[in-house]
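Input: a single structure, listed below in structure tokens.
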Amino acid sequence: MKRVLWALGLLLWLVGCVLPDEQAFLDERSLTCGVAFSCPAGSSCVQGFCVLGGDGGPGADGGDTSLPSFLVTVPPADVGGVSGGTTYEDPFLPGAWRRDQVLPVEVRINGSPRDPSSLVAVLRSEVGSGSEVSVLPFPPGQPCDAGFCGGAGLKLWEPPFPTFRGSMTVEVRERGGGEDAGGGSAFVDVTRWKWRHDLESPNRVIAAPALGHSGVVYVGTTNDTLDDGRLLALSSEGRVAWSASGGAVVASPTVGELRDGGSERVYVAHRQGSVSRVGFYASVEGRFTPTCPDVLGSNVRVESSLALTQLSAGGTSSETVYGVYSGYER
């Protein structure tokens, strides 16, 4: 009985001595070179183990097998501030790029890509993406603070964007590089806001604006008593092309056909004091030409939207505008 107990005690002692050494061995196996330590000189790291040969270091054969580091940068939005009463930056998403702009992207890589011509950039929204664009190296003479520096221009209007404002992702990668291809990304705020123009007094707008053939917006204003105002022509970029103080505009203007030289007629009904008149402005000059006799009356004005008909015959064309007077008595 004593012999059996002695043997059992020896076995327990052996187990108590061996198990700590085995645990230490397992802990040591969990440490891999290239992550927890570097191999000594004369050996190199291969699949987490140090083997003889090479000059040591974290990578196999003495090299670094980690993927190159990509830095994708997007510059501040080029939308301008406030100019001539026009605000170009979205006040609800400051710094956002406009949907109609081209986004310049810069790419820096801490090493040399395997094939610089394979680098592409693409814009992605939550529901789709734009086309791939090649990343071109910086031109000679432009400073570069990395192993590779390049840039690309991405069209912000290409990806589907079913919201007024939000964000997109810029992705840069090596085309056809497989799982070991490098890449990087960056976010960019995008908005459909284009501009807002603050009107000078009289600044009440009760009639719908009219849109010209080249994107010019014609806006009529009035005062509270509907007897003074003006017509403004705002360019597609929100700048005032011209302004005419012809009187209150309470009926929506209308635009005629495009003429030689790029001009167009803007038909409008004005009310200045107790005088109501209908005519047109030449879009290039902003000069009013009456087409109907003036109508006098403190309560007379054209309130309905103007309607336009066009007739072409014998190589010539004519335009006729219709409006309805309110408060007119013969």
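FYI, nothing fancy with the structure tokens labels: chains A, B, ... in order, residues from 1 per chain, ligands from 1 as they appear.
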Discussion item. Would you pick out the contacts of Gly238 of chain A at 7 Å or less, using only C-alpha atoms, so that residues sharing its chain but fewer than 3 positions from it are not included, and give the list as a PyMOL selection string?
Written reply: chain A and resi 86+195+197+234-235
Discussion item. If we count only C-alpha atoms and set the cut-off at 9 Å, which residues sit around segment 317-328 of chain A, ignoring sequence neighbours fewer than 6 positions away in its own chain? Please answer as an MDAnalysis selection string.
Written reply: chainID A and resid 251 254 256:257 267 269 278:279 295:311
Discussion item. Could you list, as a VMD selection string, every residue within 10 Å of Phe164 of chain A, counting only C-alpha atoms and ignoring same-chain residues fewer than 5 positions away?
Written reply: chain A and resid 99 190 to 193
So that I have them on file, write out the residues from the current selection with N, CA and C atoms, as an mmCIF file, in the first residue's frame.
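Output below, filename selection.cif:
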```
data_model
loop_
_atom_site.group_PDB
_atom_site.id
_atom_site.type_symbol
_atom_site.label_atom_id
_atom_site.label_comp_id
_atom_site.auth_asym_id
_atom_site.auth_seq_id
_atom_site.Cartn_x
_atom_site.Cartn_y
_atom_site.Cartn_z
ATOM 1 N N ARG A 99 -22.904 68.630 -55.601
ATOM 2 C CA ARG A 99 -23.161 67.461 -56.442
ATOM 3 C C ARG A 99 -22.690 67.668 -57.884
ATOM 4 N N VAL A 190 -21.351 65.589 -49.267
ATOM 5 C CA VAL A 190 -21.884 66.019 -50.566
ATOM 6 C C VAL A 190 -23.268 66.621 -50.346
ATOM 7 N N THR A 191 -23.582 67.677 -51.091
ATOM 8 C CA THR A 191 -24.883 68.325 -50.988
ATOM 9 C C THR A 191 -25.399 68.711 -52.367
ATOM 10 N N ARG A 192 -26.711 68.778 -52.476
ATOM 11 C CA ARG A 192 -27.333 69.279 -53.705
ATOM 12 C C ARG A 192 -27.547 70.800 -53.648
ATOM 13 N N TRP A 193 -27.258 71.385 -52.514
ATOM 14 C CA TRP A 193 -27.353 72.844 -52.380
ATOM 15 C C TRP A 193 -26.414 73.492 -53.390
#
```
Fill in: Distance query Gly111 of chain A at most 8 Å, only C-alpha atoms, self and fewer than 5 positions along chain excluded, as a PyMOL selection string
chain A and resi 68-69+146-148
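Comparing the minimum interatomic distances between Gly130 of chain A and each of A:Glu171, A:Gly95, A:Asp90, A:Ser112, counting only C-alpha atoms, we find that A:Glu171 sits nearest.
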Item to complete: Compare A:Arg239, A:Arg204, A:His213, A:Arg175 by their minimum atom-to-atom distance to Arg259 of chain A, counting only C-alpha atoms, and give me the closest one.
Response: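 Closest to Arg259 of chain A, using only C-alpha atoms: A:His213.
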Worksheet item: So which residues touch Ser243 of chain A within 9 Å, counting only C-alpha atoms, skipping near sequence neighbours fewer than 5 positions away, as an MDAnalysis selection string?
Response: chainID A and resid 230:234 286
Worksheet item: Which residue gives the smallest distance to Pro91 of chain A among A:Gly153, A:Val172, A:Arg196, A:Gly183, with only C-alpha atoms counted?
Response: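 Between A:Gly153, A:Val172, A:Arg196, A:Gly183, the residue approaching Pro91 of chain A most closely is A:Arg196.
Once Val135 of chain A and its same-chain neighbours fewer than 5 positions away are set aside, Val72, Pro104, Val105, Glu106, Val107, Arg108, Ile109, Pro113, Asp115, Pro116, Ser117, Ser118, Leu119, Val120, Ala121, Val122, Phe148, Cys149, Gly150, Gly151, Ala152, Gly153, Leu154, Glu171, Val172, Arg173, Glu174 and Arg175 of chain A remain within 12 Å of it when counting only C-alpha atoms.
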Item to complete: Give the answer as one residue: which of A:Gly80, A:Pro75, A:Pro159, A:Gly85 has the shortest atom-to-atom distance to Asp198 of chain A, using only C-alpha atoms?
Response: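 Checking each of A:Gly80, A:Pro75, A:Pro159, A:Gly85 against Asp198 of chain A, counting only C-alpha atoms, the winner is A:Gly85.
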